[in-house]
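To start, the structure itself, in structure tokens.
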Amino acid sequence: MTDYPGQRERMVRRQIAGRGVRSPKVLEAMRKVPRERFLPQGQGVRAYDDAPLPIGDGQTISQPYIVAYMTEALALEGGEKVLEIGTGSGYAAAVLAEIAAEVYTIERIEALATMASTVLDDLGYANVHVRHADGTLGWPEQAPFDGIVVTAGGPDVPDALQYQLKIGGRLVIPVGKTTWYQQLVRVTRIGEAEFRTEDLLPVRFVPLIGEEGWAS
Ligand code: SAM
């Protein structure tokens with residue numbers, strides 16, 4: 001039998017803490033979430049590879065380090081309301097749900113939204129709410145959010161998302177002028193119409209497709 005807990009612990013030590021993620025809450029969340037459950041049937045054995053993996057429909061579950069890094073960049077302390085764009089497998093939503101009070105997550109591919117919702121329900125993540133829609137427009141009925149994380153790369157920071165942040169809230173998003181290479185940036189809302197942007201890391205994400213993203 002595969003020793004998933006052992007693999008998970010090694011993943012956290014080598015790939016996550018070993019690369020500089022320090023937040024105890026993020027490390028604890030990464031230790032808890034069974035990543036193997038978010039992969040397609042038969043693919044669980046690769047769950048703790050240091051890489052993104054295919055989840056169907058041309059999409060991927062992000063590399064564990066990137067999930068941890070983006071979660072840490074939100075600087076959550078516990079108890080927040082968070083929005084994720086790009087549910088994919090549901091794995092990053094589960095990691096966020098270990099720290100935040102409520103996680104709202106949007107996926108544009110219906111089959112993925114349905115699968116993620118099923119796994120999250122099976123694992124008992126009652127604080128994750130999955131919606132099938134264009135996430136570039138955010139989730140206005142649930143706004144404002146303490147944190148927003150986008151797990152697909154867009155040409156620009158969507159206005160709708162910036163304005164769904166609380167004052168002081170943070171948005172972490174890959175932005176780039178081509179569809180496959182981006183810069184991960186963190187946007188902090190510092191006033192009603194004032195935002196501070198920081199460059200974090202060069203990254204490669206699947207494209208963010210939608211009204212305030214790339215055309216499909
Ligand atoms: N967070 C995911 C996980 O833990 O498995 C990884 C997501 S994958 C890298 C990016 C996802 O963003 C894909 O499933 C893709 O369909 C989705 N996506 C792209 N554009 C979107 C949009 N406008 N709204 C919602 N989801 C979108």
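As shown in the structure tokens, the chain order sets the letters A, B, ...; within each chain, residues go from 1, and ligands are also counted from 1 in the order they appear.
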
- Task: Tell me, as an NGL selection string, which residues lie within 12 Å of A:Val103, counting only C-alpha atoms; anything in the same chain fewer than 3 positions away does not count.
- Result: :A and (78-85 or 87 or 90 or 92-100 or 106 or 120 or 125-131 or 139 or 142-143 or 145-149)

- Query: Which residues come within 8 Å of stretch 196-207 of chain A, counting only C-alpha atoms, excluding same-chain residues fewer than 6 positions away, as a VMD selection string?
  - Reply: chain A and resid 59 to 60 151 to 154 174 179 to 190 214

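In this structure, atom CA of A:Ile55 sits 26.2 Å away from atom CA of A:Gly18.
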
- Min atom-atom distance to A:Tyr65 from the set A:Pro52, A:Pro5, A:Pro24, A:Gly169, counting only C-alpha atoms, belongs to A:Pro52

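Among the candidates A:Asp134, A:Glu192, A:Glu36, A:Asp122, the residue lying nearest to ligand 1 is A:Asp134 (atoms considered: only C-alpha atoms and all ligand atoms).
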
- Task: Select from stretch 101-165 of chain A everything DSSP, run on the backbone, classes as helix (DSSP H, G or I), then give the selection as an MDAnalysis selection string.
- Result: chainID A and resid 110:122 135:137 140:142 159:162

Residues at most 9 Å from A:Gln15, counting only C-alpha atoms, excluding those fewer than 3 positions away in the same chain, as a CSV table (one decimal) with N, CA and C atoms, in the first residue's frame?
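To be explicit, this is the file written out as around02.csv:
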```csv
chain,number,residue,atom,x,y,z
A,10,ARG,N,7.1,14.2,3.6
A,10,ARG,CA,8.3,14.5,2.9
A,10,ARG,C,8.1,15.7,1.9
A,11,MET,N,6.9,15.7,1.3
A,11,MET,CA,6.6,16.8,0.4
A,11,MET,C,6.8,18.2,1.1
A,12,VAL,N,6.1,18.2,2.3
A,12,VAL,CA,6.2,19.5,3.1
A,12,VAL,C,7.6,19.8,3.5
A,18,GLY,N,11.4,23.4,2.6
A,18,GLY,CA,12.7,23.4,2.0
A,18,GLY,C,13.0,24.5,1.1
A,19,ARG,N,11.9,25.0,0.5
A,19,ARG,CA,12.0,26.2,-0.4
A,19,ARG,C,11.7,27.5,0.2
A,20,GLY,N,11.5,27.5,1.5
A,20,GLY,CA,11.3,28.8,2.2
A,20,GLY,C,9.9,29.2,2.6
A,50,ASP,N,6.9,16.6,-7.4
A,50,ASP,CA,7.2,18.1,-7.3
A,50,ASP,C,6.8,18.7,-8.7
A,64,PRO,N,2.6,21.4,-5.8
A,64,PRO,CA,2.4,21.7,-4.4
A,64,PRO,C,3.0,23.0,-3.8
A,65,TYR,N,4.3,23.2,-4.3
A,65,TYR,CA,5.0,24.4,-3.8
A,65,TYR,C,4.3,25.7,-4.2
```

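Ranking A:Gly191, A:Gly213, A:Ile109, A:Glu28 by their shortest atom-to-atom distance to A:Gly58, with only C-alpha atoms included, puts A:Ile109 first.
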
- Enumerate as number ranges by chain all residues of stretch 11-202 of chain A assigned to strand (DSSP E) by DSSP on the backbone, naming them with the chain letters and numbers the document uses. A: 53-56, 59-61, 81-85, 102-107, 128-132, 145-150, 165-175, 182-191, 194-202

Store the residues picked out above, limited to C-alpha atoms, as a compact mmCIF listing (two decimals), in the first residue's frame.
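Output saved as again.txt:
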```txt
# COMPACT_ATOMS: atom_id res chain seq x y z
CA LEU A 53 -0.27 17.14 -12.99
CA PRO A 54 -3.08 16.72 -15.55
CA ILE A 55 -6.65 16.57 -14.18
CA GLY A 56 -8.54 16.32 -17.50
CA GLN A 59 -6.23 21.53 -17.06
CA THR A 60 -3.81 20.86 -14.21
CA ILE A 61 -3.55 20.61 -10.45
CA LYS A 81 -13.50 34.92 3.68
CA VAL A 82 -11.55 33.95 0.57
CA LEU A 83 -12.34 33.70 -3.14
CA GLU A 84 -10.46 31.35 -5.47
CA ILE A 85 -10.73 31.59 -9.26
CA GLU A 102 -15.20 30.35 4.19
CA VAL A 103 -13.85 29.64 0.72
CA TYR A 104 -15.77 30.57 -2.44
CA THR A 105 -14.32 28.98 -5.56
CA ILE A 106 -15.28 29.37 -9.22
CA GLU A 107 -14.49 27.05 -12.15
CA VAL A 128 -16.04 25.43 0.54
CA HIS A 129 -18.64 26.70 -1.93
CA VAL A 130 -18.11 25.78 -5.60
CA ARG A 131 -19.70 27.69 -8.48
CA HIS A 132 -19.58 26.97 -12.22
CA PHE A 145 -13.24 39.21 0.39
CA ASP A 146 -10.17 39.31 2.65
CA GLY A 147 -8.21 37.45 0.01
CA ILE A 148 -8.60 36.41 -3.64
CA VAL A 149 -6.35 33.91 -5.38
CA VAL A 150 -6.43 33.27 -9.13
CA LEU A 165 -11.41 43.02 -2.06
CA LYS A 166 -11.93 44.53 1.38
CA ILE A 167 -9.71 47.53 2.07
CA GLY A 168 -6.48 45.86 3.20
CA GLY A 169 -7.38 42.65 1.33
CA ARG A 170 -4.92 40.90 -1.01
CA LEU A 171 -5.31 39.47 -4.51
CA VAL A 172 -2.68 37.02 -5.79
CA ILE A 173 -2.75 36.44 -9.55
CA PRO A 174 -0.44 35.38 -12.42
CA VAL A 175 -0.37 38.13 -15.08
CA GLN A 182 3.31 35.12 -16.28
CA GLN A 183 4.55 37.09 -13.30
CA LEU A 184 2.80 36.26 -10.05
CA VAL A 185 1.70 39.56 -8.50
CA ARG A 186 0.07 40.56 -5.25
CA VAL A 187 -2.38 43.46 -5.32
CA THR A 188 -3.33 45.02 -1.98
CA ARG A 189 -6.36 47.29 -1.83
CA ILE A 190 -5.15 50.23 0.23
CA GLY A 191 -8.07 52.60 -0.36
CA GLU A 194 -6.10 52.71 -4.50
CA PHE A 195 -4.10 49.53 -5.03
CA ARG A 196 -0.47 48.56 -4.39
CA THR A 197 1.07 45.91 -6.69
CA GLU A 198 4.11 43.77 -5.86
CA ASP A 199 5.92 41.36 -8.18
CA LEU A 200 6.41 37.98 -6.52
CA LEU A 201 7.65 35.21 -8.86
CA PRO A 202 7.84 34.20 -12.55
```

- Could you state the separation of atom CA of A:Pro40 and atom CA of A:Ser89 in Å, given to one decimal place? 8.8 Å
